[in-house]
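Pasting target_30.pdb here (PDB, C-alpha atoms, pLDDT in the B column):
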ATOM      1  CA  MET X 202     -35.533  37.427  10.311  1.00 65.00           C
ATOM      2  CA  ASN X 203     -34.970  40.410  12.594  1.00 83.00           C
ATOM      3  CA  GLU X 204     -31.349  41.127  13.353  1.00 92.00           C
ATOM      4  CA  THR X 205     -29.860  43.678  15.709  1.00 95.00           C
ATOM      5  CA  MET X 206     -27.734  46.091  13.684  1.00 97.00           C
ATOM      6  CA  VAL X 207     -25.231  48.243  15.586  1.00 98.00           C
ATOM      7  CA  THR X 208     -22.792  51.009  14.763  1.00 98.00           C
ATOM      8  CA  LEU X 209     -19.794  51.233  17.089  1.00 98.00           C
ATOM      9  CA  VAL X 210     -17.161  53.960  17.301  1.00 97.00           C
ATOM     10  CA  GLY X 211     -13.855  53.000  18.921  1.00 97.00           C
ATOM     11  CA  ASN X 212     -10.340  51.693  18.278  1.00 97.00           C
ATOM     12  CA  ALA X 213      -8.803  48.510  16.906  1.00 98.00           C
ATOM     13  CA  ALA X 214      -7.462  46.758  20.011  1.00 97.00           C
ATOM     14  CA  THR X 215      -5.620  43.937  18.187  1.00 97.00           C
ATOM     15  CA  ALA X 216      -4.118  43.341  14.777  1.00 97.00           C
ATOM     16  CA  VAL X 217      -6.449  41.974  12.119  1.00 97.00           C
ATOM     17  CA  GLU X 218      -6.099  38.189  11.767  1.00 98.00           C
ATOM     18  CA  PHE X 219      -6.781  37.142   8.174  1.00 97.00           C
ATOM     19  CA  ARG X 220      -7.295  33.595   6.892  1.00 96.00           C
ATOM     20  CA  GLU X 221      -8.181  32.320   3.461  1.00 94.00           C
ATOM     21  CA  THR X 222     -11.116  29.880   3.527  1.00 91.00           C
ATOM     22  CA  ALA X 223     -12.887  27.792   0.899  1.00 90.00           C
ATOM     23  CA  THR X 224     -15.577  30.489   0.515  1.00 87.00           C
ATOM     24  CA  GLY X 225     -13.185  33.462   0.550  1.00 89.00           C
ATOM     25  CA  GLY X 226     -11.308  35.389   3.194  1.00 94.00           C
ATOM     26  CA  MET X 227     -12.167  35.634   6.884  1.00 97.00           C
ATOM     27  CA  ALA X 228     -10.845  38.285   9.245  1.00 98.00           C
ATOM     28  CA  ARG X 229     -11.302  39.097  12.894  1.00 98.00           C
ATOM     29  CA  PHE X 230      -9.997  41.627  15.378  1.00 98.00           C
ATOM     30  CA  ARG X 231     -10.852  42.945  18.831  1.00 98.00           C
ATOM     31  CA  PHE X 232     -12.490  46.340  19.008  1.00 98.00           C
ATOM     32  CA  ALA X 233     -12.471  48.626  22.061  1.00 97.00           C
ATOM     33  CA  VAL X 234     -15.232  51.164  22.753  1.00 97.00           C
ATOM     34  CA  THR X 235     -14.725  53.617  25.619  1.00 96.00           C
ATOM     35  CA  PRO X 236     -17.439  56.183  26.338  1.00 95.00           C
ATOM     36  CA  ARG X 237     -16.343  59.670  27.404  1.00 93.00           C
ATOM     37  CA  ARG X 238     -18.522  61.733  29.686  1.00 92.00           C
ATOM     38  CA  ARG X 239     -18.288  65.238  31.082  1.00 92.00           C
ATOM     39  CA  ASP X 240     -18.068  65.217  34.889  1.00 90.00           C
ATOM     40  CA  ARG X 241     -20.219  68.150  35.993  1.00 91.00           C
ATOM     41  CA  GLU X 242     -18.503  68.452  39.350  1.00 92.00           C
ATOM     42  CA  THR X 243     -14.903  68.633  38.096  1.00 92.00           C
ATOM     43  CA  GLN X 244     -15.770  70.077  34.654  1.00 92.00           C
ATOM     44  CA  LEU X 245     -13.421  67.478  33.104  1.00 94.00           C
ATOM     45  CA  TRP X 246     -13.934  64.685  30.594  1.00 93.00           C
ATOM     46  CA  THR X 247     -13.631  61.179  32.065  1.00 93.00           C
ATOM     47  CA  ASP X 248     -13.471  57.749  30.461  1.00 94.00           C
ATOM     48  CA  GLY X 249     -16.147  55.193  31.258  1.00 94.00           C
ATOM     49  CA  PRO X 250     -15.614  51.434  31.289  1.00 96.00           C
ATOM     50  CA  THR X 251     -14.209  49.992  28.051  1.00 97.00           C
ATOM     51  CA  SER X 252     -16.293  47.381  26.214  1.00 96.00           C
ATOM     52  CA  PHE X 253     -14.565  44.900  23.927  1.00 97.00           C
ATOM     53  CA  TYR X 254     -16.113  43.255  20.874  1.00 98.00           C
ATOM     54  CA  THR X 255     -14.799  40.683  18.422  1.00 98.00           C
ATOM     55  CA  VAL X 256     -15.409  41.955  14.896  1.00 98.00           C
ATOM     56  CA  TRP X 257     -15.754  39.313  12.170  1.00 98.00           C
ATOM     57  CA  ALA X 258     -15.638  40.032   8.432  1.00 98.00           C
ATOM     58  CA  TRP X 259     -15.886  37.846   5.352  1.00 96.00           C
ATOM     59  CA  ARG X 260     -14.764  37.852   1.709  1.00 94.00           C
ATOM     60  CA  ALA X 261     -13.711  41.219   0.217  1.00 94.00           C
ATOM     61  CA  LEU X 262     -14.314  43.146   3.449  1.00 96.00           C
ATOM     62  CA  ALA X 263     -11.998  40.724   5.267  1.00 96.00           C
ATOM     63  CA  ALA X 264      -9.183  41.170   2.751  1.00 94.00           C
ATOM     64  CA  ASN X 265      -9.588  44.957   2.733  1.00 95.00           C
ATOM     65  CA  LEU X 266      -9.517  45.067   6.557  1.00 96.00           C
ATOM     66  CA  ALA X 267      -6.273  43.093   6.623  1.00 94.00           C
ATOM     67  CA  GLY X 268      -4.651  45.605   4.284  1.00 93.00           C
ATOM     68  CA  SER X 269      -6.078  48.742   5.917  1.00 95.00           C
ATOM     69  CA  VAL X 270      -6.376  48.492   9.705  1.00 96.00           C
ATOM     70  CA  ALA X 271      -3.647  48.564  12.371  1.00 96.00           C
ATOM     71  CA  ILE X 272      -3.746  48.430  16.173  1.00 97.00           C
ATOM     72  CA  GLY X 273      -4.986  51.628  17.792  1.00 97.00           C
ATOM     73  CA  GLU X 274      -6.584  53.138  14.714  1.00 97.00           C
ATOM     74  CA  PRO X 275      -9.948  54.870  15.231  1.00 97.00           C
ATOM     75  CA  LEU X 276     -12.740  53.044  13.401  1.00 98.00           C
ATOM     76  CA  VAL X 277     -16.482  53.017  12.830  1.00 98.00           C
ATOM     77  CA  VAL X 278     -17.899  49.467  12.625  1.00 98.00           C
ATOM     78  CA  HIS X 279     -21.416  48.699  11.398  1.00 98.00           C
ATOM     79  CA  GLY X 280     -22.822  45.183  11.517  1.00 98.00           C
ATOM     80  CA  ARG X 281     -24.957  42.475  13.115  1.00 98.00           C
ATOM     81  CA  LEU X 282     -24.712  42.065  16.877  1.00 98.00           C
ATOM     82  CA  LYS X 283     -24.228  38.461  18.062  1.00 96.00           C
ATOM     83  CA  VAL X 284     -24.164  37.512  21.752  1.00 95.00           C
ATOM     84  CA  ARG X 285     -23.048  33.989  22.724  1.00 94.00           C
ATOM     85  CA  GLU X 286     -22.337  32.146  25.951  1.00 94.00           C
ATOM     86  CA  GLU X 287     -19.747  29.418  26.419  1.00 92.00           C
ATOM     87  CA  GLU X 288     -18.494  27.196  29.224  1.00 92.00           C
ATOM     88  CA  ARG X 289     -14.847  28.066  29.915  1.00 87.00           C
ATOM     89  CA  ASP X 290     -12.671  27.292  32.913  1.00 88.00           C
ATOM     90  CA  GLY X 291     -15.628  25.891  34.857  1.00 90.00           C
ATOM     91  CA  GLY X 292     -17.848  28.956  34.368  1.00 93.00           C
ATOM     92  CA  ARG X 293     -20.133  30.519  31.829  1.00 94.00           C
ATOM     93  CA  ARG X 294     -18.704  33.436  29.864  1.00 92.00           C
ATOM     94  CA  THR X 295     -20.526  35.850  27.592  1.00 92.00           C
ATOM     95  CA  PHE X 296     -18.972  37.002  24.315  1.00 93.00           C
ATOM     96  CA  VAL X 297     -20.220  39.848  22.163  1.00 96.00           C
ATOM     97  CA  ASP X 298     -19.389  39.677  18.455  1.00 97.00           C
ATOM     98  CA  VAL X 299     -20.165  41.956  15.536  1.00 98.00           C
ATOM     99  CA  GLU X 300     -20.453  40.464  12.053  1.00 98.00           C
ATOM    100  CA  ALA X 301     -19.289  43.507  10.091  1.00 98.00           C
ATOM    101  CA  VAL X 302     -21.172  44.844   7.102  1.00 98.00           C
ATOM    102  CA  ALA X 303     -18.980  47.962   6.790  1.00 98.00           C
ATOM    103  CA  VAL X 304     -15.858  49.262   8.526  1.00 98.00           C
ATOM    104  CA  GLY X 305     -14.162  52.606   8.015  1.00 97.00           C
ATOM    105  CA  HIS X 306     -11.685  54.928   9.639  1.00 97.00           C
ATOM    106  CA  ASP X 307     -13.182  57.572  11.926  1.00 97.00           C
ATOM    107  CA  LEU X 308     -12.467  60.737   9.959  1.00 97.00           C
ATOM    108  CA  SER X 309     -13.375  62.950  12.907  1.00 96.00           C
ATOM    109  CA  ARG X 310      -9.988  61.907  14.349  1.00 96.00           C
ATOM    110  CA  GLY X 311      -7.760  61.884  11.262  1.00 95.00           C
ATOM    111  CA  THR X 312      -7.531  61.593   7.494  1.00 94.00           C
ATOM    112  CA  ALA X 313      -7.566  58.590   5.179  1.00 91.00           C
ATOM    113  CA  ALA X 314      -6.798  57.998   1.511  1.00 91.00           C
ATOM    114  CA  PHE X 315      -9.225  55.588  -0.154  1.00 90.00           C
ATOM    115  CA  ARG X 316      -7.945  53.195  -2.813  1.00 90.00           C
ATOM    116  CA  ARG X 317     -10.467  51.208  -4.828  1.00 90.00           C
ATOM    117  CA  VAL X 318      -9.533  47.526  -5.162  1.00 85.00           C
ATOM    118  CA  ALA X 319     -10.044  46.006  -8.606  1.00 80.00           C
ATOM    119  CA  ARG X 320     -12.488  43.163  -8.237  1.00 72.00           C
ATOM    120  CA  VAL X 321     -11.441  39.967  -9.972  1.00 67.00           C
ATOM    121  CA  GLU X 322     -14.351  38.097 -11.463  1.00 66.00           C
ATOM    122  CA  PRO X 323     -13.836  34.478 -12.530  1.00 63.00           C
ATOM    123  CA  ALA X 324     -14.454  34.029 -16.247  1.00 60.00           C
ATOM    124  CA  LEU X 325     -15.885  30.867 -17.801  1.00 62.00           C
ATOM    125  CA  THR X 326     -13.740  31.400 -20.878  1.00 59.00           C
ATOM    126  CA  ALA X 327     -10.573  33.388 -21.339  1.00 53.00           C
ATOM    127  CA  PRO X 328     -11.016  36.657 -23.270  1.00 56.00           C
ATOM    128  CA  ALA X 329      -9.470  36.989 -26.714  1.00 54.00           C
ATOM    129  CA  ARG X 330      -5.978  38.544 -26.642  1.00 53.00           C
ATOM    130  CA  GLY X 331      -6.077  42.278 -27.288  1.00 51.00           C
ATOM    131  CA  GLY X 332      -9.877  42.511 -27.100  1.00 46.00           C
ATOM    132  CA  PRO X 333     -11.736  45.014 -24.959  1.00 47.00           C
ATOM    133  CA  ASP X 334     -12.359  42.395 -22.278  1.00 45.00           C
ATOM    134  CA  GLU X 335      -8.638  42.072 -21.641  1.00 42.00           C
ATOM    135  CA  VAL X 336      -8.438  45.611 -20.265  1.00 43.00           C
ATOM    136  CA  SER X 337     -11.821  45.951 -18.615  1.00 40.00           C
ATOM    137  CA  GLY X 338     -12.607  42.387 -17.523  1.00 42.00           C
ATOM    138  CA  GLY X 339     -15.878  42.539 -19.463  1.00 41.00           C
ATOM    139  CA  ARG X 340     -17.329  45.286 -17.258  1.00 38.00           C
ATOM    140  CA  PRO X 341     -18.145  48.659 -18.819  1.00 39.00           C
ATOM    141  CA  ASP X 342     -16.940  50.517 -15.702  1.00 40.00           C
ATOM    142  CA  ARG X 343     -13.550  48.734 -15.543  1.00 36.00           C
ATOM    143  CA  GLY X 344     -10.478  49.919 -17.392  1.00 39.00           C
ATOM    144  CA  SER X 345     -12.250  53.009 -18.721  1.00 37.00           C
ATOM    145  CA  GLY X 346     -10.217  55.369 -16.547  1.00 37.00           C
ATOM    146  CA  ARG X 347     -13.422  56.535 -14.898  1.00 34.00           C
ATOM    147  CA  VAL X 348     -14.769  55.782 -11.475  1.00 35.00           C
ATOM    148  CA  PRO X 349     -18.242  54.138 -11.551  1.00 37.00           C
ATOM    149  CA  GLY X 350     -20.959  56.716 -11.090  1.00 38.00           C
ATOM    150  CA  GLY X 351     -19.244  59.413 -13.137  1.00 38.00           C
ATOM    151  CA  GLY X 352     -16.414  60.197 -10.702  1.00 40.00           C
ATOM    152  CA  ALA X 353     -13.135  61.874 -11.501  1.00 41.00           C
ATOM    153  CA  ASP X 354     -10.551  60.481 -13.874  1.00 40.00           C
ATOM    154  CA  PRO X 355      -7.935  58.558 -11.823  1.00 40.00           C
ATOM    155  CA  GLY X 356      -4.311  59.510 -12.326  1.00 39.00           C
ATOM    156  CA  PRO X 357      -1.278  57.214 -12.188  1.00 41.00           C
ATOM    157  CA  GLY X 358      -1.827  54.174  -9.975  1.00 42.00           C
ATOM    158  CA  GLY X 359      -5.614  54.501 -10.185  1.00 41.00           C
ATOM    159  CA  ARG X 360      -5.778  57.502  -7.821  1.00 40.00           C
ATOM    160  CA  THR X 361      -7.604  60.714  -8.487  1.00 41.00           C
ATOM    161  CA  ASP X 362      -4.972  63.425  -8.994  1.00 45.00           C
ATOM    162  CA  LEU X 363      -4.950  65.891  -6.125  1.00 47.00           C
ATOM    163  CA  SER X 364      -3.257  69.243  -5.811  1.00 48.00           C
ATOM    164  CA  PRO X 365       0.025  69.200  -3.846  1.00 55.00           C
ATOM    165  CA  ALA X 366      -1.618  71.167  -0.999  1.00 52.00           C
ATOM    166  CA  VAL X 367      -4.454  68.646  -0.686  1.00 45.00           C
ATOM    167  CA  ARG X 368      -1.998  65.732  -0.878  1.00 47.00           C
ATOM    168  CA  GLU X 369       0.114  67.226   1.930  1.00 55.00           C
ATOM    169  CA  LYS X 370      -2.908  67.879   4.141  1.00 50.00           C
ATOM    170  CA  ALA X 371      -4.231  64.339   3.578  1.00 49.00           C
ATOM    171  CA  GLY X 372      -0.790  62.782   4.091  1.00 53.00           C
ATOM    172  CA  VAL X 373      -0.790  61.263   0.603  1.00 49.00           C
ATOM    173  CA  ALA X 374       2.518  60.852  -1.248  1.00 51.00           C
TER     174      ALA X 374
END
Kindly return the structure encoded in the file as structure tokens.
Amino acid sequence: MNETMVTLVGNAATAVEFRETATGGMARFRFAVTPRRRDRETQLWTDGPTSFYTVWAWRALAANLAGSVAIGEPLVVHGRLKVREEERDGGRRTFVDVEAVAVGHDLSRGTAAFRRVARVEPALTAPARGGPDEVSGGRPDRGSGRVPGGGADPGPGGRTDLSPAVREKAGVA
């Protein structure tokens, strides 16, 4: 099936609403995209009309959005475009939704500190006490102190240790 994939750059217009469902988490928020254009006559930048989208996310992405995004933050949203029409207040209204595949902060307008979330996998049987599965959850890349793909060794709290100058610049405590 052909789907229309879009990448939008804008700002979170509302707080992320998160709900737990039978199949995992669900989150949604409104997203504002305002184009900026250079006016050749005045030599100034002007804002165009703002477009609003409802961004939907599911499962892990939904939970991570709820813990990471606040109103007004600059974001990049990538996902499937969905256009729907509904009867409301005696007239037809058009709604544009994006089913998010990936969402991130727009680093051209600020800094961010990424924190990997440990994925909890349901086990059919409980691991033996004190065995290697107790620390790593049965995955070779978990609990080893290494980031999958050969990354740096995380320091306390699972973060990669950064120099004080880098921490200050990135706004990391």
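Close contacts of Ala263 in chain X, defined as residues with an atom at most 6 Å away when counting all atoms listed in the file, with chain neighbours fewer than 2 positions off set aside, comprise X:Gly226, X:Met227, X:Ala228, X:Ala258, X:Trp259, X:Arg260, X:Ala261, X:Asn265, X:Leu266.
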Deliver the residues from the most recent selection as a file, using C-alpha atoms, as a compact mmCIF listing (two decimals), in the coordinates of the input.
# COMPACT_ATOMS: atom_id res chain seq x y z
CA GLY X 226 -11.31 35.39 3.19
CA MET X 227 -12.17 35.63 6.88
CA ALA X 228 -10.84 38.28 9.24
CA ALA X 258 -15.64 40.03 8.43
CA TRP X 259 -15.89 37.85 5.35
CA ARG X 260 -14.76 37.85 1.71
CA ALA X 261 -13.71 41.22 0.22
CA ASN X 265 -9.59 44.96 2.73
CA LEU X 266 -9.52 45.07 6.56
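Shortest atom-to-atom contact with Leu262 in chain X among X:Arg231, X:Val302, X:Ala319, X:Glu221: X:Val302, counting all atoms listed in the file.
A straight line drawn from CA of Arg229 in chain X to CA of Glu204 in chain X is 20.2 Å long.
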Residue contacts of range 268-283 of chain X (7 Å, only C-alpha atoms) excluding same-chain residues fewer than 3 positions away, as a compact mmCIF listing (two decimals) with C-alpha atoms, in the frame of the given file:
# COMPACT_ATOMS: atom_id res chain seq x y z
CA GLU X 204 -31.35 41.13 13.35
CA THR X 205 -29.86 43.68 15.71
CA MET X 206 -27.73 46.09 13.68
CA VAL X 207 -25.23 48.24 15.59
CA THR X 208 -22.79 51.01 14.76
CA LEU X 209 -19.79 51.23 17.09
CA VAL X 210 -17.16 53.96 17.30
CA GLY X 211 -13.86 53.00 18.92
CA ASN X 212 -10.34 51.69 18.28
CA ALA X 213 -8.80 48.51 16.91
CA ALA X 214 -7.46 46.76 20.01
CA THR X 215 -5.62 43.94 18.19
CA ALA X 216 -4.12 43.34 14.78
CA VAL X 217 -6.45 41.97 12.12
CA ALA X 264 -9.18 41.17 2.75
CA ASN X 265 -9.59 44.96 2.73
CA VAL X 297 -20.22 39.85 22.16
CA ASP X 298 -19.39 39.68 18.45
CA VAL X 299 -20.16 41.96 15.54
CA GLU X 300 -20.45 40.46 12.05
CA ALA X 301 -19.29 43.51 10.09
CA VAL X 302 -21.17 44.84 7.10
CA ALA X 303 -18.98 47.96 6.79
CA VAL X 304 -15.86 49.26 8.53
CA GLY X 305 -14.16 52.61 8.02
CA HIS X 306 -11.68 54.93 9.64
CA ASP X 307 -13.18 57.57 11.93
Mind giving me the straight-line distance from CA of Thr255 in chain X to CA of Arg220 in chain X in Å, one decimal? 15.5 Å
Would you pick out the contacts of Thr235 in chain X at 7 Å or less, using all atoms listed in the file, so that residues sharing its chain but fewer than 5 positions from it are not included, and give the list as a count of residues only? 6
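Here CA of Ala267 in chain X stands at a distance of 15.8 Å from CA of Ala314 in chain X.
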How would you write, as a list in words, the residues chosen by the PyMOL selection byres ((chain X and resi 293-296) around 10) on this structure? Phe253, Tyr254, Thr255, Lys283, Val284, Arg285, Glu286, Glu287, Glu288, Arg289, Asp290, Gly291, Gly292, Val297 and Asp298 of chain X
Saved selection, atoms kept: C-alpha atoms, as an mmCIF file, in the frame of the given file:
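Result went into selection-v5.cif, see below:
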data_model
loop_
_atom_site.group_PDB
_atom_site.id
_atom_site.type_symbol
_atom_site.label_atom_id
_atom_site.label_comp_id
_atom_site.auth_asym_id
_atom_site.auth_seq_id
_atom_site.Cartn_x
_atom_site.Cartn_y
_atom_site.Cartn_z
ATOM 1 C CA PHE X 253 -14.565 44.900 23.927
ATOM 2 C CA TYR X 254 -16.113 43.255 20.874
ATOM 3 C CA THR X 255 -14.799 40.683 18.422
ATOM 4 C CA LYS X 283 -24.228 38.461 18.062
ATOM 5 C CA VAL X 284 -24.164 37.512 21.752
ATOM 6 C CA ARG X 285 -23.048 33.989 22.724
ATOM 7 C CA GLU X 286 -22.337 32.146 25.951
ATOM 8 C CA GLU X 287 -19.747 29.418 26.419
ATOM 9 C CA GLU X 288 -18.494 27.196 29.224
ATOM 10 C CA ARG X 289 -14.847 28.066 29.915
ATOM 11 C CA ASP X 290 -12.671 27.292 32.913
ATOM 12 C CA GLY X 291 -15.628 25.891 34.857
ATOM 13 C CA GLY X 292 -17.848 28.956 34.368
ATOM 14 C CA VAL X 297 -20.220 39.848 22.163
ATOM 15 C CA ASP X 298 -19.389 39.677 18.455
#
Any chance you could work out the residue set of the PyMOL selection byres ((chain X and resi 247) around 6) here, as a VMD selection string? chain X and resid 237 to 238 246 248
For range 284-301 of chain X, take all atoms listed in the file, fit an axis-aligned box around them, add 8 Å to each of the six sides, then output centre and edge lengths in Å rounded to one decimal, as lines of an AutoDock Vina configuration file.
center_x = -18.4
center_y = 34.7
center_z = 22.5
size_x = 27.5
size_y = 33.6
size_z = 40.8
